[in-house]
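Source file start.cif; content: mmCIF, N, CA and C atoms.
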```
data_my_file
loop_
_atom_site.label_atom_id
_atom_site.label_comp_id
_atom_site.auth_asym_id
_atom_site.auth_seq_id
_atom_site.Cartn_x
_atom_site.Cartn_y
_atom_site.Cartn_z
N MET A 232 0.82 -1.19 0.00
CA MET A 232 0.00 0.00 0.00
C MET A 232 0.86 1.26 0.00
N THR A 233 1.94 1.27 0.80
CA THR A 233 2.82 2.45 0.84
C THR A 233 3.56 2.61 -0.48
N LEU A 234 3.86 1.49 -1.13
CA LEU A 234 4.53 1.57 -2.43
C LEU A 234 3.61 2.25 -3.45
N LEU A 235 2.35 1.95 -3.41
CA LEU A 235 1.40 2.57 -4.32
C LEU A 235 1.29 4.07 -4.06
N ILE A 236 1.27 4.45 -2.79
CA ILE A 236 1.19 5.88 -2.44
C ILE A 236 2.46 6.60 -2.90
N LEU A 237 3.62 5.98 -2.70
CA LEU A 237 4.88 6.58 -3.14
C LEU A 237 4.93 6.71 -4.66
N MET A 238 4.41 5.71 -5.37
CA MET A 238 4.38 5.77 -6.83
C MET A 238 3.45 6.88 -7.31
N ILE A 239 2.33 7.07 -6.64
CA ILE A 239 1.40 8.13 -7.01
C ILE A 239 2.04 9.50 -6.76
N ILE A 240 2.67 9.66 -5.61
CA ILE A 240 3.34 10.92 -5.30
C ILE A 240 4.47 11.18 -6.29
N GLY A 241 5.23 10.14 -6.61
CA GLY A 241 6.31 10.28 -7.59
C GLY A 241 5.78 10.64 -8.97
N GLY A 242 4.67 10.04 -9.35
CA GLY A 242 4.06 10.36 -10.64
C GLY A 242 3.58 11.79 -10.70
N ILE A 243 2.98 12.26 -9.61
CA ILE A 243 2.52 13.65 -9.56
C ILE A 243 3.71 14.60 -9.66
N LEU A 244 4.77 14.29 -8.94
CA LEU A 244 5.97 15.14 -9.00
C LEU A 244 6.58 15.13 -10.41
N LEU A 245 6.58 13.97 -11.04
CA LEU A 245 7.12 13.87 -12.39
C LEU A 245 6.28 14.69 -13.37
N LEU A 246 4.96 14.59 -13.26
CA LEU A 246 4.10 15.39 -14.13
C LEU A 246 4.28 16.88 -13.89
N PHE A 247 4.45 17.26 -12.63
CA PHE A 247 4.68 18.66 -12.32
C PHE A 247 6.00 19.14 -12.93
N ALA A 248 7.05 18.32 -12.81
CA ALA A 248 8.36 18.70 -13.36
C ALA A 248 8.30 18.82 -14.88
N VAL A 249 7.63 17.90 -15.54
CA VAL A 249 7.51 17.97 -16.99
C VAL A 249 6.69 19.20 -17.39
N GLY A 250 5.60 19.44 -16.69
CA GLY A 250 4.78 20.61 -16.98
C GLY A 250 5.56 21.90 -16.79
N TRP A 251 6.31 21.98 -15.72
CA TRP A 251 7.12 23.18 -15.47
C TRP A 251 8.18 23.34 -16.56
N GLY A 252 8.79 22.26 -17.00
CA GLY A 252 9.79 22.33 -18.07
C GLY A 252 9.18 22.81 -19.38
N VAL A 253 8.01 22.32 -19.72
CA VAL A 253 7.33 22.76 -20.94
C VAL A 253 6.96 24.24 -20.82
N PHE A 254 6.44 24.64 -19.67
CA PHE A 254 6.09 26.04 -19.45
C PHE A 254 7.32 26.94 -19.61
N TRP A 255 8.43 26.55 -19.01
CA TRP A 255 9.66 27.35 -19.07
C TRP A 255 10.19 27.42 -20.50
N MET A 256 10.10 26.32 -21.23
CA MET A 256 10.56 26.30 -22.62
C MET A 256 9.70 27.25 -23.47
N LEU A 257 8.40 27.26 -23.24
CA LEU A 257 7.53 28.16 -23.99
C LEU A 257 7.83 29.62 -23.68
N ILE A 258 8.14 29.92 -22.43
CA ILE A 258 8.52 31.28 -22.05
C ILE A 258 9.80 31.68 -22.79
N GLN A 259 10.79 30.80 -22.80
CA GLN A 259 12.06 31.10 -23.47
C GLN A 259 11.85 31.29 -24.97
N LEU A 260 11.04 30.45 -25.59
CA LEU A 260 10.77 30.59 -27.01
C LEU A 260 10.05 31.91 -27.30
N GLY A 261 9.16 32.30 -26.41
CA GLY A 261 8.48 33.58 -26.57
C GLY A 261 9.44 34.75 -26.53
N VAL A 262 10.41 34.70 -25.63
CA VAL A 262 11.40 35.77 -25.53
C VAL A 262 12.26 35.80 -26.80
N ILE A 263 12.64 34.64 -27.30
CA ILE A 263 13.46 34.58 -28.52
C ILE A 263 12.69 35.15 -29.70
N VAL A 264 11.43 34.78 -29.83
CA VAL A 264 10.62 35.29 -30.94
C VAL A 264 10.43 36.80 -30.81
N GLN A 265 10.21 37.28 -29.60
CA GLN A 265 10.03 38.71 -29.39
C GLN A 265 11.29 39.47 -29.78
N LYS A 266 12.46 38.98 -29.37
CA LYS A 266 13.71 39.64 -29.72
C LYS A 266 13.99 39.56 -31.22
N ALA A 267 13.60 38.46 -31.85
CA ALA A 267 13.85 38.29 -33.28
C ALA A 267 12.98 39.22 -34.12
N THR A 268 11.82 39.60 -33.61
CA THR A 268 10.94 40.48 -34.38
C THR A 268 11.23 41.96 -34.16
N GLU A 269 12.14 42.30 -33.26
CA GLU A 269 12.50 43.70 -33.07
C GLU A 269 13.28 44.19 -34.28
N PRO A 270 13.13 45.46 -34.64
CA PRO A 270 13.90 45.98 -35.78
C PRO A 270 15.39 46.00 -35.44
N PRO A 271 16.23 45.80 -36.44
CA PRO A 271 17.67 45.80 -36.17
C PRO A 271 18.16 47.18 -35.76
N THR A 272 19.22 47.19 -35.00
CA THR A 272 19.83 48.44 -34.57
C THR A 272 20.57 49.06 -35.75
N THR A 273 20.31 50.31 -36.02
CA THR A 273 21.00 50.98 -37.12
C THR A 273 22.05 51.92 -36.57
N ASP A 274 23.15 51.99 -37.28
CA ASP A 274 24.26 52.84 -36.89
C ASP A 274 24.04 54.23 -37.45
N THR A 275 24.14 55.25 -36.61
CA THR A 275 23.88 56.61 -37.06
C THR A 275 25.13 57.29 -37.62
N ASN A 276 26.30 56.71 -37.44
CA ASN A 276 27.56 57.25 -37.95
C ASN A 276 27.82 58.67 -37.46
N THR A 277 27.49 58.95 -36.23
CA THR A 277 27.77 60.27 -35.66
C THR A 277 28.82 60.11 -34.58
N TYR A 278 30.06 60.07 -35.01
CA TYR A 278 31.17 59.91 -34.09
C TYR A 278 31.95 61.21 -34.03
N SER A 279 32.52 61.49 -32.88
CA SER A 279 33.36 62.67 -32.73
C SER A 279 34.58 62.30 -31.90
N LEU A 280 35.60 63.13 -32.02
CA LEU A 280 36.82 62.88 -31.25
C LEU A 280 36.59 63.07 -29.76
N GLY A 281 35.57 63.83 -29.40
CA GLY A 281 35.28 64.07 -28.01
C GLY A 281 34.72 62.85 -27.29
N GLN A 282 34.36 61.82 -28.01
CA GLN A 282 33.81 60.63 -27.37
C GLN A 282 34.88 59.75 -26.74
N GLY A 283 36.12 59.94 -27.16
CA GLY A 283 37.18 59.10 -26.63
C GLY A 283 38.14 59.91 -25.78
N ARG A 284 39.28 59.32 -25.52
CA ARG A 284 40.31 60.04 -24.78
C ARG A 284 41.65 59.79 -25.47
N ASP A 285 42.57 60.71 -25.29
CA ASP A 285 43.88 60.55 -25.89
C ASP A 285 44.68 59.52 -25.12
N VAL A 286 45.36 58.68 -25.85
CA VAL A 286 46.20 57.66 -25.24
C VAL A 286 47.63 57.93 -25.67
N SER A 287 48.49 58.13 -24.68
CA SER A 287 49.90 58.41 -25.02
C SER A 287 50.70 57.13 -24.93
N ASN A 288 51.97 57.23 -25.29
CA ASN A 288 52.85 56.05 -25.25
C ASN A 288 53.15 55.61 -23.82
N ASP A 289 52.93 56.48 -22.84
CA ASP A 289 53.23 56.16 -21.46
C ASP A 289 52.24 55.15 -20.88
N GLU A 290 51.07 55.06 -21.44
CA GLU A 290 50.03 54.18 -20.85
C GLU A 290 50.15 52.78 -21.33
#
```
Translate this structure into structure tokens?
Amino acid sequence: MTLLILMIIGGILLLFAVGWGVFWMLIQLGVIVQKATEPPTTDTNTYSLGQGRDVSNDE
């Protein structure tokens, strides 16, 4: 009788783990699809010398 109860509890835990794994996989796939549908980043080509710093031979 205790073996049957342990098997039922184990089965419930296994179903919960599989369900959680499927749920998590769907969430991850949703994030991937959302990021894939975003427009690509475009470069504005607005660079200036003031954005950096001078590096001398001493560094």
* To one decimal place, how far is CA of Phe247 (chain A) from CA of Gly261 (chain A) in Å? ->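 If I compute the distance from CA of Phe247 (chain A) to CA of Gly261 (chain A), I get 21.0 Å.
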* **Gap from atom N of Gln265 (chain A) to atom C of Val249 (chain A) - Å, one decimal** => 22.1 Å
* Distance of CA of Lys266 (chain A) from CA of Phe254 (chain A), expressed in Å to one decimal place -> 18.7 Å
Around all the atoms of region 248-265 of chain A listed in the file, draw an axis-aligned box and extend it by 3 Å on each of the six sides; I want its centre and edge lengths in Å to one decimal, as lines of an AutoDock Vina configuration file.
```
center_x = 9.1
center_y = 28.7
center_z = -21.9
size_x = 14.7
size_y = 27.6
size_z = 24.1
```
* To do: Can you list, as a ChimeraX atom specification, all residues belonging to region 239-284 of chain A that DSSP tags as alpha helix (DSSP H)?
  => /A:239-267
